[in-house]
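Just coords_27.pdb here, PDB, C-alpha atoms, pLDDT in the B column:
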MODEL        1
ATOM      1  CA  MET A  25       0.000   0.000   0.000  1.00 69.00           C
ATOM      2  CA  GLU A  26       1.376   3.419  -1.000  1.00 79.00           C
ATOM      3  CA  LEU A  27      -0.174   6.530   0.544  1.00 86.00           C
ATOM      4  CA  SER A  28      -0.141   9.799  -1.362  1.00 88.00           C
ATOM      5  CA  LEU A  29       0.857  12.818   0.725  1.00 89.00           C
ATOM      6  CA  ARG A  30      -1.476  14.986  -1.342  1.00 90.00           C
ATOM      7  CA  ARG A  31      -4.427  12.716  -0.560  1.00 91.00           C
ATOM      8  CA  LEU A  32      -3.476  12.584   3.110  1.00 91.00           C
ATOM      9  CA  ARG A  33      -3.493  16.397   3.196  1.00 91.00           C
ATOM     10  CA  MET A  34      -6.984  16.342   1.737  1.00 91.00           C
ATOM     11  CA  LEU A  35      -8.121  13.844   4.365  1.00 90.00           C
ATOM     12  CA  ARG A  36      -6.620  15.996   7.111  1.00 91.00           C
ATOM     13  CA  GLU A  37      -8.443  19.087   5.869  1.00 89.00           C
ATOM     14  CA  LEU A  38     -11.690  17.132   5.541  1.00 89.00           C
ATOM     15  CA  HIS A  39     -11.325  16.018   9.154  1.00 89.00           C
ATOM     16  CA  ARG A  40     -10.620  19.584  10.295  1.00 88.00           C
ATOM     17  CA  ARG A  41     -13.356  21.328   8.328  1.00 87.00           C
ATOM     18  CA  GLY A  42     -16.145  18.787   7.948  1.00 85.00           C
ATOM     19  CA  THR A  43     -17.057  19.379   4.294  1.00 87.00           C
ATOM     20  CA  VAL A  44     -15.364  18.630   0.998  1.00 88.00           C
ATOM     21  CA  THR A  45     -16.100  22.196  -0.153  1.00 89.00           C
ATOM     22  CA  ALA A  46     -14.329  23.737   2.857  1.00 88.00           C
ATOM     23  CA  ALA A  47     -11.377  21.385   2.461  1.00 88.00           C
ATOM     24  CA  ALA A  48     -11.102  22.256  -1.237  1.00 88.00           C
ATOM     25  CA  LEU A  49     -11.205  25.975  -0.456  1.00 88.00           C
ATOM     26  CA  ALA A  50      -8.430  25.643   2.127  1.00 86.00           C
ATOM     27  CA  LEU A  51      -6.236  23.669  -0.277  1.00 87.00           C
ATOM     28  CA  HIS A  52      -7.042  25.790  -3.367  1.00 86.00           C
ATOM     29  CA  TYR A  53      -8.488  22.841  -5.309  1.00 89.00           C
ATOM     30  CA  THR A  54     -11.887  22.397  -6.894  1.00 90.00           C
ATOM     31  CA  THR A  55     -14.463  20.474  -4.890  1.00 89.00           C
ATOM     32  CA  SER A  56     -14.691  17.762  -7.555  1.00 90.00           C
ATOM     33  CA  ALA A  57     -10.898  17.290  -7.551  1.00 90.00           C
ATOM     34  CA  VAL A  58     -10.817  16.779  -3.782  1.00 90.00           C
ATOM     35  CA  SER A  59     -13.796  14.429  -3.933  1.00 89.00           C
ATOM     36  CA  GLN A  60     -12.108  12.325  -6.629  1.00 91.00           C
ATOM     37  CA  GLN A  61      -8.822  12.155  -4.719  1.00 90.00           C
ATOM     38  CA  LEU A  62     -10.564  11.110  -1.501  1.00 91.00           C
ATOM     39  CA  THR A  63     -12.410   8.383  -3.381  1.00 90.00           C
ATOM     40  CA  GLN A  64      -9.080   7.202  -4.772  1.00 91.00           C
ATOM     41  CA  LEU A  65      -7.632   7.229  -1.238  1.00 91.00           C
ATOM     42  CA  GLU A  66     -10.393   4.844  -0.194  1.00 90.00           C
ATOM     43  CA  ARG A  67      -9.397   2.551  -3.060  1.00 90.00           C
ATOM     44  CA  ASP A  68      -5.746   2.803  -2.035  1.00 90.00           C
ATOM     45  CA  VAL A  69      -6.428   1.623   1.516  1.00 90.00           C
ATOM     46  CA  GLY A  70      -9.222  -0.782   0.568  1.00 90.00           C
ATOM     47  CA  THR A  71     -11.745   0.364   3.177  1.00 90.00           C
ATOM     48  CA  LYS A  72     -14.464   2.997   3.640  1.00 91.00           C
ATOM     49  CA  LEU A  73     -13.058   6.203   5.139  1.00 90.00           C
ATOM     50  CA  PHE A  74     -16.051   8.546   5.291  1.00 86.00           C
ATOM     51  CA  GLU A  75     -19.821   8.736   5.099  1.00 87.00           C
ATOM     52  CA  ARG A  76     -21.995  11.633   3.969  1.00 80.00           C
ATOM     53  CA  ARG A  77     -24.421  13.211   6.431  1.00 80.00           C
ATOM     54  CA  GLY A  78     -26.246  15.843   4.384  1.00 75.00           C
ATOM     55  CA  ARG A  79     -23.704  18.504   3.427  1.00 72.00           C
ATOM     56  CA  ARG A  80     -21.180  17.314   5.981  1.00 78.00           C
ATOM     57  CA  VAL A  81     -18.911  14.314   5.829  1.00 81.00           C
ATOM     58  CA  GLU A  82     -18.201  12.135   8.850  1.00 86.00           C
ATOM     59  CA  LEU A  83     -15.109   9.992   9.003  1.00 90.00           C
ATOM     60  CA  THR A  84     -15.546   6.309   9.758  1.00 90.00           C
ATOM     61  CA  GLU A  85     -13.475   4.626  12.451  1.00 91.00           C
ATOM     62  CA  SER A  86     -10.896   3.757   9.803  1.00 91.00           C
ATOM     63  CA  GLY A  87     -11.040   7.306   8.465  1.00 88.00           C
ATOM     64  CA  LEU A  88     -10.386   8.777  11.914  1.00 91.00           C
ATOM     65  CA  LEU A  89      -7.495   6.386  12.453  1.00 92.00           C
ATOM     66  CA  LEU A  90      -5.918   7.324   9.135  1.00 91.00           C
ATOM     67  CA  ALA A  91      -6.536  11.046   9.751  1.00 89.00           C
ATOM     68  CA  GLU A  92      -4.664  10.839  13.069  1.00 91.00           C
ATOM     69  CA  HIS A  93      -1.711   9.141  11.389  1.00 91.00           C
ATOM     70  CA  ALA A  94      -1.911  11.610   8.496  1.00 90.00           C
ATOM     71  CA  GLU A  95      -1.445  14.447  10.985  1.00 90.00           C
ATOM     72  CA  GLU A  96       1.736  12.823  12.315  1.00 90.00           C
ATOM     73  CA  ILE A  97       3.020  11.956   8.837  1.00 91.00           C
ATOM     74  CA  LEU A  98       2.473  15.442   7.453  1.00 90.00           C
ATOM     75  CA  ARG A  99       4.039  17.098  10.483  1.00 89.00           C
ATOM     76  CA  SER A 100       7.099  14.874  10.031  1.00 91.00           C
ATOM     77  CA  VAL A 101       7.296  15.846   6.358  1.00 89.00           C
ATOM     78  CA  GLU A 102       7.038  19.533   7.285  1.00 87.00           C
ATOM     79  CA  ARG A 103       9.786  19.178   9.904  1.00 87.00           C
ATOM     80  CA  ALA A 104      11.985  17.361   7.401  1.00 88.00           C
ATOM     81  CA  THR A 105      11.409  20.071   4.813  1.00 84.00           C
ATOM     82  CA  THR A 106      12.289  22.783   7.335  1.00 80.00           C
ATOM     83  CA  ALA A 107      15.440  20.923   8.396  1.00 77.00           C
ATOM     84  CA  LEU A 108      16.609  20.590   4.804  1.00 78.00           C
ATOM     85  CA  GLU A 109      15.956  24.278   4.155  1.00 72.00           C
ATOM     86  CA  GLN A 110      17.965  25.198   7.241  1.00 69.00           C
ATOM     87  CA  THR A 111      20.932  23.114   6.054  1.00 69.00           C
ATOM     88  CA  GLN A 112      20.893  25.245   2.922  1.00 67.00           C
ATOM     89  CA  ASN A 113      21.197  28.348   5.150  1.00 62.00           C
ATOM     90  CA  ARG A 114      17.904  29.651   3.878  1.00 70.00           C
ATOM     91  CA  VAL A 115      14.522  29.141   5.478  1.00 72.00           C
ATOM     92  CA  THR A 116      11.603  29.625   3.119  1.00 79.00           C
ATOM     93  CA  ALA A 117       7.988  29.698   4.218  1.00 86.00           C
ATOM     94  CA  ARG A 118       4.729  31.526   3.669  1.00 89.00           C
ATOM     95  CA  LEU A 119       2.945  32.263   6.935  1.00 92.00           C
ATOM     96  CA  THR A 120      -0.377  33.892   7.753  1.00 93.00           C
ATOM     97  CA  ILE A 121      -0.581  35.406  11.223  1.00 94.00           C
ATOM     98  CA  GLY A 122      -3.478  36.788  13.215  1.00 93.00           C
ATOM     99  CA  VAL A 123      -3.279  40.332  14.572  1.00 92.00           C
ATOM    100  CA  TRP A 124      -5.498  43.065  15.918  1.00 86.00           C
ATOM    101  CA  ALA A 125      -5.240  46.843  15.611  1.00 84.00           C
ATOM    102  CA  SER A 126      -2.742  47.764  18.347  1.00 85.00           C
ATOM    103  CA  VAL A 127      -0.461  44.819  17.520  1.00 88.00           C
ATOM    104  CA  ALA A 128      -0.619  45.582  13.788  1.00 88.00           C
ATOM    105  CA  ALA A 129       0.181  49.253  14.378  1.00 86.00           C
ATOM    106  CA  SER A 130       2.957  48.992  16.954  1.00 86.00           C
ATOM    107  CA  LEU A 131       4.542  45.525  17.093  1.00 89.00           C
ATOM    108  CA  VAL A 132       4.232  43.932  13.660  1.00 92.00           C
ATOM    109  CA  PRO A 133       6.026  46.543  11.465  1.00 92.00           C
ATOM    110  CA  SER A 134       9.294  46.420  13.426  1.00 91.00           C
ATOM    111  CA  ALA A 135       9.094  42.637  13.842  1.00 92.00           C
ATOM    112  CA  LEU A 136       8.632  42.084  10.108  1.00 93.00           C
ATOM    113  CA  THR A 137      11.510  44.446   9.322  1.00 94.00           C
ATOM    114  CA  LEU A 138      13.821  42.379  11.536  1.00 94.00           C
ATOM    115  CA  LEU A 139      12.500  39.115  10.096  1.00 92.00           C
ATOM    116  CA  ALA A 140      13.036  40.281   6.525  1.00 91.00           C
ATOM    117  CA  ALA A 141      16.652  41.146   7.322  1.00 89.00           C
ATOM    118  CA  GLU A 142      17.421  37.814   9.026  1.00 87.00           C
ATOM    119  CA  HIS A 143      15.232  35.441   6.967  1.00 86.00           C
ATOM    120  CA  PRO A 144      14.323  37.005   3.610  1.00 86.00           C
ATOM    121  CA  GLY A 145      12.824  33.709   2.436  1.00 85.00           C
ATOM    122  CA  ILE A 146       9.942  33.925   4.915  1.00 90.00           C
ATOM    123  CA  GLU A 147       6.869  35.652   3.524  1.00 91.00           C
ATOM    124  CA  VAL A 148       4.412  36.843   6.167  1.00 93.00           C
ATOM    125  CA  ARG A 149       0.836  37.869   5.601  1.00 93.00           C
ATOM    126  CA  THR A 150      -1.369  39.301   8.335  1.00 94.00           C
ATOM    127  CA  LYS A 151      -5.085  38.973   8.951  1.00 92.00           C
ATOM    128  CA  GLU A 152      -6.867  41.223  11.437  1.00 90.00           C
ATOM    129  CA  LEU A 153      -9.323  39.479  13.749  1.00 88.00           C
ATOM    130  CA  ALA A 154     -10.866  40.169  17.132  1.00 84.00           C
ATOM    131  CA  PRO A 155      -8.366  38.993  19.799  1.00 83.00           C
ATOM    132  CA  GLU A 156     -10.814  36.394  21.105  1.00 81.00           C
ATOM    133  CA  ASP A 157     -11.145  34.831  17.617  1.00 85.00           C
ATOM    134  CA  THR A 158      -7.482  34.310  16.767  1.00 85.00           C
ATOM    135  CA  ALA A 159      -6.878  31.068  18.695  1.00 85.00           C
ATOM    136  CA  ASP A 160      -9.836  29.361  16.989  1.00 85.00           C
ATOM    137  CA  ALA A 161      -8.433  30.414  13.613  1.00 88.00           C
ATOM    138  CA  VAL A 162      -5.109  28.740  14.446  1.00 89.00           C
ATOM    139  CA  ARG A 163      -6.935  25.615  15.603  1.00 85.00           C
ATOM    140  CA  ASP A 164      -8.901  25.239  12.356  1.00 83.00           C
ATOM    141  CA  GLY A 165      -5.867  25.962  10.173  1.00 84.00           C
ATOM    142  CA  SER A 166      -6.947  29.380   8.848  1.00 87.00           C
ATOM    143  CA  LEU A 167      -3.852  30.915  10.477  1.00 91.00           C
ATOM    144  CA  ASP A 168      -0.364  29.493  11.022  1.00 92.00           C
ATOM    145  CA  PHE A 169      -0.063  31.351  14.331  1.00 91.00           C
ATOM    146  CA  SER A 170      -1.501  34.431  15.973  1.00 93.00           C
ATOM    147  CA  PHE A 171      -1.041  36.938  18.701  1.00 91.00           C
ATOM    148  CA  VAL A 172      -3.435  36.432  21.602  1.00 89.00           C
ATOM    149  CA  ILE A 173      -4.043  38.450  24.737  1.00 87.00           C
ATOM    150  CA  ASP A 174      -4.975  37.380  28.240  1.00 86.00           C
ATOM    151  CA  TYR A 175      -5.856  39.131  31.483  1.00 87.00           C
ATOM    152  CA  SER A 176      -4.793  38.054  34.973  1.00 85.00           C
ATOM    153  CA  GLY A 177      -8.263  38.719  36.362  1.00 83.00           C
ATOM    154  CA  TYR A 178     -10.085  36.996  33.509  1.00 83.00           C
ATOM    155  CA  PRO A 179      -7.938  34.204  32.019  1.00 83.00           C
ATOM    156  CA  MET A 180      -8.854  32.865  28.592  1.00 80.00           C
ATOM    157  CA  GLN A 181      -9.743  29.198  28.187  1.00 81.00           C
ATOM    158  CA  TRP A 182      -6.893  27.509  26.345  1.00 80.00           C
ATOM    159  CA  ASP A 183      -6.818  24.502  24.044  1.00 82.00           C
ATOM    160  CA  PRO A 184      -4.053  22.158  25.323  1.00 83.00           C
ATOM    161  CA  GLU A 185      -3.324  21.100  21.725  1.00 83.00           C
ATOM    162  CA  LEU A 186      -2.087  24.619  20.936  1.00 87.00           C
ATOM    163  CA  THR A 187       1.289  25.929  22.060  1.00 89.00           C
ATOM    164  CA  ARG A 188       1.347  29.312  23.760  1.00 89.00           C
ATOM    165  CA  VAL A 189       4.488  31.393  24.352  1.00 91.00           C
ATOM    166  CA  VAL A 190       4.475  34.588  26.433  1.00 91.00           C
ATOM    167  CA  ILE A 191       6.273  37.358  24.545  1.00 89.00           C
ATOM    168  CA  ALA A 192       5.341  40.347  26.731  1.00 89.00           C
ATOM    169  CA  VAL A 193       3.479  41.429  29.856  1.00 92.00           C
ATOM    170  CA  GLU A 194       1.654  44.719  29.400  1.00 91.00           C
ATOM    171  CA  ARG A 195       0.350  47.306  31.826  1.00 92.00           C
ATOM    172  CA  LEU A 196      -3.022  48.996  31.582  1.00 92.00           C
ATOM    173  CA  HIS A 197      -3.214  52.784  31.874  1.00 94.00           C
ATOM    174  CA  ALA A 198      -6.112  55.074  32.691  1.00 95.00           C
ATOM    175  CA  ALA A 199      -6.791  57.343  29.716  1.00 95.00           C
ATOM    176  CA  LEU A 200      -8.670  60.544  30.568  1.00 95.00           C
ATOM    177  CA  PRO A 201      -9.680  63.802  28.875  1.00 94.00           C
ATOM    178  CA  PRO A 202      -7.040  66.500  29.427  1.00 89.00           C
ATOM    179  CA  GLY A 203      -7.201  68.204  32.796  1.00 86.00           C
ATOM    180  CA  THR A 204      -9.669  65.730  34.305  1.00 87.00           C
ATOM    181  CA  VAL A 205      -7.407  65.000  37.280  1.00 84.00           C
ATOM    182  CA  SER A 206      -4.229  66.537  38.617  1.00 81.00           C
ATOM    183  CA  ALA A 207      -2.718  63.408  40.166  1.00 82.00           C
ATOM    184  CA  LYS A 208       0.021  61.572  38.268  1.00 82.00           C
ATOM    185  CA  THR A 209      -1.205  58.186  39.477  1.00 86.00           C
ATOM    186  CA  MET A 210      -4.624  56.884  40.430  1.00 88.00           C
ATOM    187  CA  ALA A 211      -6.455  53.714  41.419  1.00 93.00           C
ATOM    188  CA  LEU A 212      -9.097  52.073  39.282  1.00 94.00           C
ATOM    189  CA  ALA A 213     -11.702  52.946  41.923  1.00 95.00           C
ATOM    190  CA  ASP A 214     -10.941  56.651  41.317  1.00 94.00           C
ATOM    191  CA  LEU A 215     -12.662  56.282  37.921  1.00 94.00           C
ATOM    192  CA  ALA A 216     -15.975  55.158  39.428  1.00 95.00           C
ATOM    193  CA  GLU A 217     -17.693  58.525  39.021  1.00 93.00           C
ATOM    194  CA  HIS A 218     -16.587  59.122  35.444  1.00 95.00           C
ATOM    195  CA  PRO A 219     -18.468  58.099  32.284  1.00 97.00           C
ATOM    196  CA  TRP A 220     -16.699  55.356  30.340  1.00 97.00           C
ATOM    197  CA  VAL A 221     -15.852  54.521  26.748  1.00 97.00           C
ATOM    198  CA  LEU A 222     -15.420  50.745  26.597  1.00 96.00           C
ATOM    199  CA  ALA A 223     -15.682  47.651  24.410  1.00 93.00           C
ATOM    200  CA  GLY A 224     -18.790  45.485  24.724  1.00 93.00           C
ATOM    201  CA  PRO A 225     -19.113  42.729  27.361  1.00 91.00           C
ATOM    202  CA  ARG A 226     -18.758  39.983  24.731  1.00 88.00           C
ATOM    203  CA  SER A 227     -15.184  41.036  23.975  1.00 88.00           C
ATOM    204  CA  HIS A 228     -12.466  39.608  26.206  1.00 88.00           C
ATOM    205  CA  PHE A 229     -11.146  43.101  26.988  1.00 91.00           C
ATOM    206  CA  GLY A 230     -14.582  44.563  27.726  1.00 93.00           C
ATOM    207  CA  ARG A 231     -15.444  41.695  30.047  1.00 93.00           C
ATOM    208  CA  ALA A 232     -12.064  41.810  31.817  1.00 93.00           C
ATOM    209  CA  VAL A 233     -12.402  45.552  32.558  1.00 95.00           C
ATOM    210  CA  ARG A 234     -15.959  45.169  33.847  1.00 95.00           C
ATOM    211  CA  LEU A 235     -14.858  42.393  36.210  1.00 95.00           C
ATOM    212  CA  ALA A 236     -11.917  44.474  37.447  1.00 95.00           C
ATOM    213  CA  CYS A 237     -14.238  47.417  38.159  1.00 96.00           C
ATOM    214  CA  GLN A 238     -16.684  45.166  40.004  1.00 96.00           C
ATOM    215  CA  ARG A 239     -13.857  43.861  42.193  1.00 95.00           C
ATOM    216  CA  CYS A 240     -13.120  47.492  43.061  1.00 95.00           C
ATOM    217  CA  GLY A 241     -16.726  47.963  44.157  1.00 96.00           C
ATOM    218  CA  PHE A 242     -18.353  49.748  41.239  1.00 97.00           C
ATOM    219  CA  GLU A 243     -20.091  49.150  37.950  1.00 96.00           C
ATOM    220  CA  PRO A 244     -18.651  51.351  35.166  1.00 96.00           C
ATOM    221  CA  ARG A 245     -21.157  53.793  33.689  1.00 96.00           C
ATOM    222  CA  ILE A 246     -20.590  53.155  29.991  1.00 96.00           C
ATOM    223  CA  ASN A 247     -21.846  55.982  27.796  1.00 96.00           C
ATOM    224  CA  HIS A 248     -20.118  54.828  24.608  1.00 97.00           C
ATOM    225  CA  GLU A 249     -19.564  51.172  23.671  1.00 96.00           C
ATOM    226  CA  VAL A 250     -16.961  50.843  20.901  1.00 94.00           C
ATOM    227  CA  GLY A 251     -14.837  47.956  19.671  1.00 87.00           C
ATOM    228  CA  GLU A 252     -11.566  49.576  18.602  1.00 86.00           C
ATOM    229  CA  GLN A 253      -9.156  51.072  21.131  1.00 87.00           C
ATOM    230  CA  ALA A 254      -8.179  53.831  18.711  1.00 89.00           C
ATOM    231  CA  THR A 255     -11.836  54.868  18.494  1.00 92.00           C
ATOM    232  CA  ALA A 256     -12.172  54.820  22.282  1.00 94.00           C
ATOM    233  CA  LEU A 257      -9.085  57.033  22.654  1.00 94.00           C
ATOM    234  CA  ALA A 258     -10.410  59.511  20.092  1.00 95.00           C
ATOM    235  CA  MET A 259     -13.635  59.787  22.107  1.00 96.00           C
ATOM    236  CA  VAL A 260     -11.623  60.268  25.303  1.00 96.00           C
ATOM    237  CA  ALA A 261      -9.706  63.098  23.607  1.00 95.00           C
ATOM    238  CA  ALA A 262     -13.070  64.669  22.752  1.00 95.00           C
ATOM    239  CA  GLY A 263     -13.998  64.652  26.457  1.00 94.00           C
ATOM    240  CA  LEU A 264     -16.661  61.942  26.183  1.00 96.00           C
ATOM    241  CA  GLY A 265     -15.373  59.652  28.914  1.00 96.00           C
ATOM    242  CA  VAL A 266     -12.468  57.630  30.308  1.00 96.00           C
ATOM    243  CA  THR A 267     -11.085  54.245  29.308  1.00 96.00           C
ATOM    244  CA  LEU A 268      -8.187  51.873  29.903  1.00 95.00           C
ATOM    245  CA  VAL A 269      -5.416  51.450  27.369  1.00 93.00           C
ATOM    246  CA  SER A 270      -2.541  48.955  27.129  1.00 90.00           C
ATOM    247  CA  ASP A 271       1.141  49.721  26.523  1.00 91.00           C
ATOM    248  CA  LEU A 272       0.763  48.810  22.838  1.00 88.00           C
ATOM    249  CA  GLY A 273      -2.459  50.789  22.620  1.00 87.00           C
ATOM    250  CA  LEU A 274      -0.645  53.967  23.711  1.00 88.00           C
ATOM    251  CA  THR A 275       0.824  54.188  20.212  1.00 85.00           C
ATOM    252  CA  LEU A 276      -2.729  54.800  18.929  1.00 84.00           C
ATOM    253  CA  SER A 277      -3.381  57.642  21.370  1.00 88.00           C
ATOM    254  CA  PRO A 278      -4.181  61.022  19.748  1.00 91.00           C
ATOM    255  CA  PRO A 279      -3.087  64.369  21.207  1.00 90.00           C
ATOM    256  CA  GLY A 280      -5.192  65.553  24.102  1.00 88.00           C
ATOM    257  CA  VAL A 281      -5.345  62.389  26.214  1.00 93.00           C
ATOM    258  CA  ASP A 282      -3.861  62.248  29.732  1.00 93.00           C
TER     259      ASP A 282
ENDMDL
END

I need this file expressed as structure tokens, please.
Amino acid sequence: MELSLRRLRMLRELHRRGTVTAAALALHYTTSAVSQQLTQLERDVGTKLFERRGRRVELTESGLLLAEHAEEILRSVERATTALEQTQNRVTARLTIGVWASVAASLVPSALTLLAAEHPGIEVRTKELAPEDTADAVRDGSLDFSFVIDYSGYPMQWDPELTRVVIAVERLHAALPPGTVSAKTMALADLAEHPWVLAGPRSHFGRAVRLACQRCGFEPRINHEVGEQATALAMVAAGLGVTLVSDLGLTLSPPGVD
């Protein structure tokens, strides 16, 4: 029995995405081409690998077994390819990474400049997503890796199959309209009487800030609910409320914000 790496890749994508159409889209093939290759894979192994359930495709027990081995086989091939490229003193790859506004504006440009100088064979593309959506995109294969953000008071649930590496620990700053307070430092509770500009409670940041305020004994009075930190800072500069901003987010701050 000889197993085609191309067909194993198709099986892996089918397992990840659940439909032949989605697998074809991810691999840049036509749906009919993927369907034909999967049928041929069944002939190669001599057993049924999947069954149709409406628009979705479910792998049989044999299909799941082969998909698990396909994952290991393809990872080994990728590691071997990388090792060979490194022996040639040139790493080549095309990567898609997940970012959000403050990362894209402040961290990514300098990082990509350094990467281009050290490894010109690596091509990086970025895709902006909400921070809470980036890990799922890595899990389903839409991204090769992504930046994520977590908060000590509201930790994010983490998939143990994904590897996470801490690259920085940020502070959060109070951002206020100019002249609102005279003190150089303040506690979160000092913002209890001010109107707020804040992301919605479904966002990880918005929920984390609300929980932090509640632990300090108050519920923030949110006059303006906005998703982007740059937008929130612009509204703060206009005197419409206060917000919290991270170290990276400070690069988005307009004039007129304390």

Checklist entry - Which polymer residues have any atom within 10 Å of an atom of Ala50 in chain A, counting all atoms listed in the file, with same-chain residues fewer than 5 positions away left out, as a list of chain:residue names? => result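 What passes the distance filter is A:Met34, A:Glu37, A:Leu38, A:Arg41, A:Val44, A:Thr45, A:Gly165, A:Ser166.
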
Ground truth for the PyMOL selection byres ((chain A and resi 40) around 12), written as a ChimeraX atom specification:
/A:33-39,41-44,46-48,50,80-83,88,91-92,94-95,160-166

Could you give me, as a ChimeraX atom specification, the residues within 7 Å of Trp124 in chain A, counting all atoms listed in the file and dropping anything in the same chain fewer than 4 positions from it? /A:128,152-155

_Ground truth for the PyMOL selection byres ((chain A and resi 235) around 12), written as a list in words_ = Tyr175, Ser176, Gly177, Tyr178, Pro179, Leu212, Pro225, His228, Phe229, Gly230, Arg231, Ala232, Val233, Arg234, Ala236, Cys237, Gln238, Arg239, Cys240, Gly241, Phe242, Glu243 and Pro244 of chain A

Write the residues you've just listed into a file as a PDB file, in the coordinates of the input, and include C-alpha atoms for each of them.
ATOM      1  CA  TYR A 175      -5.856  39.131  31.483  1.00 87.00           C
ATOM      2  CA  SER A 176      -4.793  38.054  34.973  1.00 85.00           C
ATOM      3  CA  GLY A 177      -8.263  38.719  36.362  1.00 83.00           C
ATOM      4  CA  TYR A 178     -10.085  36.996  33.509  1.00 83.00           C
ATOM      5  CA  PRO A 179      -7.938  34.204  32.019  1.00 83.00           C
ATOM      6  CA  LEU A 212      -9.097  52.073  39.282  1.00 94.00           C
ATOM      7  CA  PRO A 225     -19.113  42.729  27.361  1.00 91.00           C
ATOM      8  CA  HIS A 228     -12.466  39.608  26.206  1.00 88.00           C
ATOM      9  CA  PHE A 229     -11.146  43.101  26.988  1.00 91.00           C
ATOM     10  CA  GLY A 230     -14.582  44.563  27.726  1.00 93.00           C
ATOM     11  CA  ARG A 231     -15.444  41.695  30.047  1.00 93.00           C
ATOM     12  CA  ALA A 232     -12.064  41.810  31.817  1.00 93.00           C
ATOM     13  CA  VAL A 233     -12.402  45.552  32.558  1.00 95.00           C
ATOM     14  CA  ARG A 234     -15.959  45.169  33.847  1.00 95.00           C
ATOM     15  CA  ALA A 236     -11.917  44.474  37.447  1.00 95.00           C
ATOM     16  CA  CYS A 237     -14.238  47.417  38.159  1.00 96.00           C
ATOM     17  CA  GLN A 238     -16.684  45.166  40.004  1.00 96.00           C
ATOM     18  CA  ARG A 239     -13.857  43.861  42.193  1.00 95.00           C
ATOM     19  CA  CYS A 240     -13.120  47.492  43.061  1.00 95.00           C
ATOM     20  CA  GLY A 241     -16.726  47.963  44.157  1.00 96.00           C
ATOM     21  CA  PHE A 242     -18.353  49.748  41.239  1.00 97.00           C
ATOM     22  CA  GLU A 243     -20.091  49.150  37.950  1.00 96.00           C
ATOM     23  CA  PRO A 244     -18.651  51.351  35.166  1.00 96.00           C
TER      24      PRO A 244
END

- In Å, how far is it from CA of Ala159 in chain A to CA of Ala192 in chain A?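 Distance reported for this atom pair: 17.3 Å.
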
Translate the PyMOL selection byres ((chain A and resi 271) around 6), as applied to the file shown, into an explicit residue set as a JSON list (two decimals) with C-alpha atoms, keeping the file's coordinate frame.
[["chain", "number", "residue", "atom", "x", "y", "z"],
["A", 194, "GLU", "CA", 1.65, 44.72, 29.40],
["A", 195, "ARG", "CA", 0.35, 47.31, 31.83],
["A", 270, "SER", "CA", -2.54, 48.96, 27.13],
["A", 272, "LEU", "CA", 0.76, 48.81, 22.84],
["A", 273, "GLY", "CA", -2.46, 50.79, 22.62],
["A", 274, "LEU", "CA", -0.64, 53.97, 23.71]]

- Query: Which distance in Å separates CA of Asn247 in chain A and CA of Val172 in chain A, to one decimal?
  - Reply: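 A separation of 27.6 Å between them.
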
- Query: What's the 12 Å shell around Lys208 in chain A, counting only C-alpha atoms, without same-chain residues fewer than 3 positions away, as a ChimeraX atom specification?
  - Reply: /A:197-200,203-205,211,282

Query raised in the report: Do you know which residues are at most 6 Å from Thr120 in chain A counting all atoms listed in the file, after dropping those on the same chain fewer than 4 positions away, and could you put them as an MDAnalysis selection string?
Result: chainID A and resid 148:150 167:168

Taking 3 positions as the minimum chain separation for residues in the same chain, which residues sit within 8 Å of Thr71 in chain A when counting all atoms listed in the file? Answer as a count of residues only.
3

Shortest contact to Glu156 in chain A, candidates A:Leu51, A:Val190, A:Ile173, A:Leu89, atoms counted only C-alpha atoms, goes to A:Ile173

What separates CA of Ala125 in chain A and CA of Phe171 in chain A is a distance of 11.2 Å

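Using all atoms listed in the file, the nearest neighbour of Leu90 in chain A within the list A:Ser277, A:Thr158, A:Leu65, A:Ala223 is A:Leu65.
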
Among A:Gly251, A:Pro278, A:Pro144, A:Gly78, Pro201 in chain A is approached most closely, using only C-alpha atoms, by A:Pro278

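For the choices A:Leu62, A:Ile146, A:Thr84, A:Glu26, the atom-to-atom distance to Thr106 in chain A is smallest for A:Ile146 when using all atoms listed in the file.
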
Arg114 in chain A proximity check over A:Ala140, A:Leu186, A:Ile191, A:Val269, using only C-alpha atoms: winner is A:Ala140
